[in-house]
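Listing of model17.cif; format and content: mmCIF, C-alpha atoms.
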```
data_upload
#
loop_
_atom_site.label_atom_id
_atom_site.label_comp_id
_atom_site.auth_asym_id
_atom_site.auth_seq_id
_atom_site.Cartn_x
_atom_site.Cartn_y
_atom_site.Cartn_z
CA MET A 1494 104.15 188.44 230.16
CA GLY A 1495 103.67 191.87 228.65
CA LEU A 1496 101.88 192.77 225.46
CA GLU A 1497 105.08 192.87 223.42
CA ALA A 1498 106.09 189.40 224.57
CA ARG A 1499 102.62 188.00 223.87
CA GLN A 1500 102.75 189.44 220.38
CA ARG A 1501 106.18 187.94 219.86
CA GLU A 1502 104.95 184.49 220.88
CA ALA A 1503 101.93 184.71 218.55
CA LEU A 1504 104.20 185.67 215.65
CA ARG A 1505 106.63 182.86 216.54
CA ILE A 1506 103.85 180.28 216.50
CA ASN A 1507 102.54 181.67 213.23
CA GLN A 1508 106.03 181.48 211.74
CA ARG A 1509 106.26 177.82 212.69
CA TYR A 1510 103.05 177.21 210.74
CA LEU A 1511 104.33 179.14 207.72
CA THR A 1512 107.70 177.38 207.76
CA GLU A 1513 106.83 173.83 208.81
CA ILE A 1514 103.50 173.46 207.02
CA VAL A 1515 102.98 176.05 204.30
CA GLU A 1516 106.55 176.25 203.03
CA ALA A 1517 107.71 172.72 203.79
CA LEU A 1518 104.75 171.14 202.01
CA GLY A 1519 104.67 173.68 199.19
CA PHE A 1520 101.04 174.57 199.89
CA CYS A 1521 101.75 178.20 199.11
CA PRO A 1522 105.15 178.93 197.50
CA TRP A 1523 104.71 182.71 197.94
CA ALA A 1524 105.76 182.20 201.57
CA LYS A 1525 109.34 181.41 200.49
CA THR A 1526 109.82 184.79 198.84
CA VAL A 1527 107.42 187.10 200.71
CA ARG A 1528 108.59 187.85 204.25
CA ASP A 1529 107.93 190.43 206.96
CA GLY A 1530 108.89 193.81 205.57
CA GLU A 1531 109.19 192.40 202.06
CA GLY A 1532 105.62 192.29 200.86
CA LEU A 1533 104.19 190.65 203.98
CA ALA A 1534 102.64 192.46 206.98
CA ARG A 1535 101.64 190.52 210.10
CA LYS A 1536 99.54 192.00 212.90
CA VAL A 1537 98.42 190.43 216.18
CA LEU A 1538 95.01 191.36 217.60
CA PHE A 1539 93.97 190.46 221.13
CA GLY A 1540 90.44 189.74 222.28
CA ALA A 1541 88.55 186.60 223.29
CA THR A 1542 85.25 187.37 221.62
CA ILE A 1543 84.07 188.83 218.35
CA ASP A 1544 82.52 192.09 219.46
CA GLU A 1545 82.19 195.64 218.18
CA SER A 1546 85.55 196.70 219.59
CA LEU A 1547 87.43 193.87 217.90
CA ALA A 1548 85.55 194.43 214.66
CA ASP A 1549 86.43 198.13 214.65
CA LEU A 1550 90.10 197.40 215.33
CA THR A 1551 90.20 194.72 212.64
CA ALA A 1552 88.56 196.98 210.08
CA ALA A 1553 91.01 199.78 210.89
CA LEU A 1554 94.01 197.48 210.44
CA ILE A 1555 92.67 196.21 207.13
CA GLU A 1556 92.42 199.78 205.86
CA GLU A 1557 95.89 200.54 207.21
CA ILE A 1558 97.40 197.58 205.37
CA SER A 1559 95.49 198.46 202.21
CA LEU A 1560 97.32 201.80 202.14
CA GLU A 1561 100.72 200.11 202.31
CA GLN A 1562 101.29 199.73 198.59
CA ASP A 1563 104.42 197.62 199.09
CA THR A 1564 102.40 195.07 201.05
CA ALA A 1565 100.97 192.36 198.82
CA ILE A 1566 99.89 190.04 201.63
CA GLY A 1567 98.66 190.68 205.17
CA LEU A 1568 98.03 188.32 208.08
CA LEU A 1569 95.82 189.35 210.99
CA ILE A 1570 96.37 186.85 213.81
CA PHE A 1571 93.91 186.40 216.71
CA PRO A 1572 95.70 184.29 219.38
CA GLU A 1573 93.10 184.77 222.14
CA LEU A 1574 89.94 184.50 220.07
CA LYS A 1575 87.48 181.81 221.13
CA SER A 1576 85.45 181.23 218.00
CA THR A 1577 84.22 178.32 215.93
CA ASN A 1578 85.37 178.04 212.35
CA ALA A 1579 81.88 178.90 211.12
CA ASP A 1580 81.62 182.00 213.33
CA PHE A 1581 85.06 183.15 212.24
CA ARG A 1582 84.18 182.74 208.57
CA ARG A 1583 81.12 184.92 209.15
CA PHE A 1584 83.34 187.50 210.87
CA VAL A 1585 85.72 187.54 207.90
CA SER A 1586 82.78 187.93 205.54
CA SER A 1587 81.57 190.91 207.55
CA MET A 1588 85.05 192.43 207.33
CA GLU A 1589 85.04 191.91 203.56
CA GLN A 1590 81.72 193.72 203.30
CA ARG A 1591 82.87 196.54 205.56
CA HIS A 1592 86.09 196.92 203.55
CA ALA A 1593 84.14 196.98 200.29
CA GLU A 1594 81.87 199.73 201.59
CA GLN A 1595 84.90 201.97 202.09
CA HIS A 1596 85.92 201.85 198.44
CA ALA A 1597 84.54 202.18 194.94
CA ARG A 1598 83.19 198.91 193.62
CA ASP A 1599 85.94 198.58 191.03
CA ALA A 1600 88.73 199.67 193.39
CA ILE A 1601 88.49 197.42 196.46
CA PRO A 1602 92.14 196.97 197.51
CA MET A 1603 92.16 193.68 199.42
CA ALA A 1604 90.67 190.21 199.08
CA MET A 1605 90.33 188.08 202.22
CA ALA A 1606 90.28 184.48 203.39
CA SER A 1607 89.77 182.88 206.79
CA PHE A 1608 92.23 180.41 208.32
CA HIS A 1609 91.30 178.50 211.48
CA PRO A 1610 92.60 175.68 213.70
CA GLU A 1611 89.34 173.72 213.32
CA ALA A 1612 89.58 171.70 210.12
CA VAL A 1613 89.58 168.02 209.26
CA ALA A 1614 91.42 166.54 206.30
CA ASP A 1615 88.86 165.66 203.63
CA THR A 1616 90.85 164.18 200.76
CA THR A 1617 87.85 163.21 198.65
CA SER A 1618 88.48 166.18 196.34
CA PRO A 1619 90.95 169.06 195.94
CA ALA A 1620 88.28 171.62 196.88
CA ARG A 1621 87.31 169.77 200.05
CA LEU A 1622 90.92 169.75 201.16
CA VAL A 1623 91.18 173.57 201.21
CA PRO A 1624 90.07 174.02 204.86
CA PHE A 1625 92.80 171.60 205.97
CA VAL A 1626 95.38 173.58 203.99
CA ARG A 1627 94.14 176.64 205.91
CA ARG A 1628 94.49 174.96 209.31
CA SER A 1629 96.52 177.64 211.09
CA PRO A 1630 97.32 177.47 214.82
CA ASP A 1631 95.29 180.65 215.49
CA PRO A 1632 92.28 182.15 213.72
CA THR A 1633 93.80 184.31 211.00
CA ILE A 1634 92.53 186.64 208.31
CA GLN A 1635 94.71 186.53 205.23
CA LEU A 1636 94.66 189.54 202.93
CA VAL A 1637 95.98 189.77 199.39
CA ARG A 1638 96.15 192.88 197.27
CA ARG A 1639 93.70 192.59 194.39
CA ASN A 1640 95.84 194.44 191.87
CA ALA A 1641 98.57 191.88 192.55
CA MET A 1642 96.09 189.17 191.59
CA ASP A 1643 95.13 191.16 188.48
CA LYS A 1644 98.77 191.21 187.41
CA VAL A 1645 98.86 187.45 187.80
CA ARG A 1646 95.79 187.07 185.63
CA GLN A 1647 97.19 189.32 182.92
CA SER A 1648 100.77 188.06 182.98
CA LYS A 1649 102.08 185.93 180.13
CA ASN A 1650 105.41 185.27 181.82
CA GLU A 1651 104.57 181.95 183.48
CA GLY A 1652 108.17 181.51 184.61
CA SER A 1653 108.45 184.66 186.71
CA VAL A 1654 108.77 184.41 190.47
CA PHE A 1655 105.86 186.84 190.83
CA VAL A 1656 103.51 184.63 188.87
CA ASP A 1657 104.77 181.45 190.53
CA THR A 1658 104.16 182.80 194.02
CA LEU A 1659 100.91 184.71 193.53
CA GLU A 1660 99.29 182.06 191.33
CA ALA A 1661 99.96 179.55 194.05
CA PHE A 1662 98.34 181.86 196.61
CA LEU A 1663 95.04 182.29 194.76
CA PRO A 1664 93.53 178.87 195.50
CA LEU A 1665 93.93 179.42 199.24
CA LEU A 1666 91.67 182.45 198.89
CA GLY A 1667 89.05 180.41 197.11
CA ASN A 1668 89.67 182.73 194.16
CA ARG A 1669 88.89 181.38 190.70
CA PRO A 1670 90.81 183.49 188.18
CA LYS A 1671 91.66 180.59 185.85
CA PRO A 1672 90.46 177.01 186.28
CA SER A 1673 93.84 175.75 185.03
CA VAL A 1674 95.68 177.68 187.76
CA SER A 1675 93.46 177.25 190.81
CA ASP A 1676 92.43 173.69 190.04
CA GLY A 1677 95.99 172.71 189.19
CA ILE A 1678 97.41 174.00 192.48
CA ALA A 1679 94.57 172.44 194.48
CA LYS A 1680 95.25 169.09 192.80
CA THR A 1681 98.95 169.45 193.55
CA ASN A 1682 98.17 170.08 197.23
CA LEU A 1683 95.97 167.00 197.32
CA ARG A 1684 98.74 164.89 195.78
CA THR A 1685 101.17 166.29 198.37
CA VAL A 1686 98.88 165.43 201.27
CA ASN A 1687 98.31 161.93 199.91
CA ARG A 1688 102.05 161.44 199.41
CA VAL A 1689 103.13 162.73 202.82
CA GLY A 1690 100.13 161.30 204.61
CA VAL A 1691 97.53 163.01 206.75
CA PRO A 1692 98.87 161.46 210.01
CA GLU A 1693 102.35 162.89 209.39
CA ILE A 1694 100.98 166.35 208.67
CA GLU A 1695 98.69 166.22 211.68
CA LYS A 1696 101.68 165.23 213.84
CA ILE A 1697 103.45 168.48 212.86
CA ILE A 1698 100.27 170.48 213.42
CA ALA A 1699 99.81 168.85 216.85
CA ASP A 1700 103.37 169.76 217.85
CA ILE A 1701 102.81 173.40 216.84
CA GLN A 1702 99.49 173.41 218.69
CA ALA A 1703 101.11 172.01 221.84
CA ASP A 1704 103.80 174.70 221.62
CA ARG A 1705 101.06 177.29 221.18
CA ASP A 1706 99.04 176.06 224.18
CA SER A 1707 102.12 175.97 226.44
CA ALA A 1708 103.35 179.41 225.39
CA TYR A 1709 99.94 181.04 225.71
CA ALA A 1710 99.25 179.40 229.08
CA ALA A 1711 102.53 180.80 230.39
CA ALA A 1712 101.64 184.20 229.00
CA HIS A 1713 98.23 184.09 230.71
CA GLN A 1714 99.77 183.22 234.08
CA GLU A 1715 102.24 186.10 233.88
CA ARG A 1716 99.70 188.77 232.93
#
```

Let me see the structure of the file written as structure tokens.
Amino acid sequence: MGLEARQREALRINQRYLTEIVEALGFCPWAKTVRDGEGLARKVLFGATIDESLADLTAALIEEISLEQDTAIGLLIFPELKSTNADFRRFVSSMEQRHAEQHARDAIPMAMASFHPEAVADTTSPARLVPFVRRSPDPTIQLVRRNAMDKVRQSKNEGSVFVDTLEAFLPLLGNRPKPSVSDGIAKTNLRTVNRVGVPEIEKIIADIQADRDSAYAAAHQER
């Protein structure tokens, strides 16, 4: 399977996660209105290990997306990466630092969050549930434009689609613009998980993961 086909499969698997988990459960309502080419940019990066080459490519793509003013949200998907959740979080932190060094302190374009397939459902508190909400089929860096978040903070129009979608996105970044916003959404997600049930959600995740493993195994055999 060629590079284009492998990219297509990675995007297909990611779309299943966005549609069947994020959208269906209302974890992040921005996903219903922000799509590819309409505020969302998705990029697939290949590489099995976190090394200098992958870091350079990732940093370059982050800067590229930061220049796309119409892009509010970016997803960098790593379908081949063999990395623990902890190692990937450190990688994302290093990308945040590298991105910050390229810009003035008060003009850093993008905020970042790490999403990873390794996460257990801890329902003891809304904050502890966040890693489970971020349980994507592949390691993924999620970017959000900071000035979009600033508009959310400053907006008084609580009924606008823009505020509804971006406010819902902030807790997934671990961002704390307003306790009433971030804590409220996190509590809503916890209520959703408790209502639907962890086993039911994990069943959907397992089906996506099985699809992922089968598709990627086929891609590996055809390379």

- Message: Given the point (101.2, 185.7, 228.4) in the file's coordinates, find the residues that have an atom at most 12 Å from it, counting all atoms listed in the file, and give them as a VMD selection string.
- Response: chain A and resid 1494 to 1503 1539 1572 to 1573 1705 to 1716

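Here CA of Ile1697 (chain A) is placed at a distance of 9.0 Å from CA of Tyr1510 (chain A).
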
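The coordinates place CA of Gln1702 (chain A) at 22.6 Å from CA of Arg1621 (chain A).
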
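Proximity ranking of A:Asp1563, A:Phe1520, A:Ser1576, A:Ala1541 relative to Arg1684 (chain A) places A:Phe1520 first, based on only C-alpha atoms.
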
- Output of the PyMOL selection byres ((chain A and resi 1606) around 7), listed as an MDAnalysis selection string: chainID A and resid 1605 1607:1608 1634:1636 1666

- Message: For a quick check of understanding, using only C-alpha atoms, which of A:Ala1517, A:Ala1534, A:Ala1604, A:Leu1574 has the smallest distance to Gln1590 (chain A)?
- Response: A:Ala1604

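Distances from A:Ala1612, A:Leu1560, A:Ala1552, A:Leu1568 to Glu1589 (chain A) were compared using only C-alpha atoms, and the smallest one belongs to A:Ala1552.
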
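The space separating CA of Asp1615 (chain A) from CA of Val1585 (chain A) comes to 22.5 Å.
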
- Query: Which residue out of A:Leu1504, A:Leu1533, A:Val1515, A:Ile1558 has the minimum interatomic distance to Val1686 (chain A) when all atoms listed in the file are used?
  - Reply: A:Val1515

- Message: Translate the PyMOL selection byres ((chain A and resi 1581) around 9) into a concrete residue list for this structure, as a ChimeraX atom specification.
- Response: /A:1543,1576-1580,1582-1586,1607-1609,1632-1633

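Taking only C-alpha atoms into account, Ala1553 (chain A) lies nearest to A:His1592 out of the set A:Ile1566, A:Lys1575, A:His1592, A:Glu1516.
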
- Item | Contacts of Glu1556 (chain A) at 12 Å (all atoms listed in the file; same-chain gap of 6+ positions) as a ChimeraX atom specification | /A:1549-1550,1562,1567,1588-1589,1591-1596,1601-1604,1636,1638

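Among the candidates A:Ile1570, A:Ile1514, A:Ala1565, A:Ala1600, the one nearest to Val1626 (chain A) when counting all atoms listed in the file is A:Ile1514.
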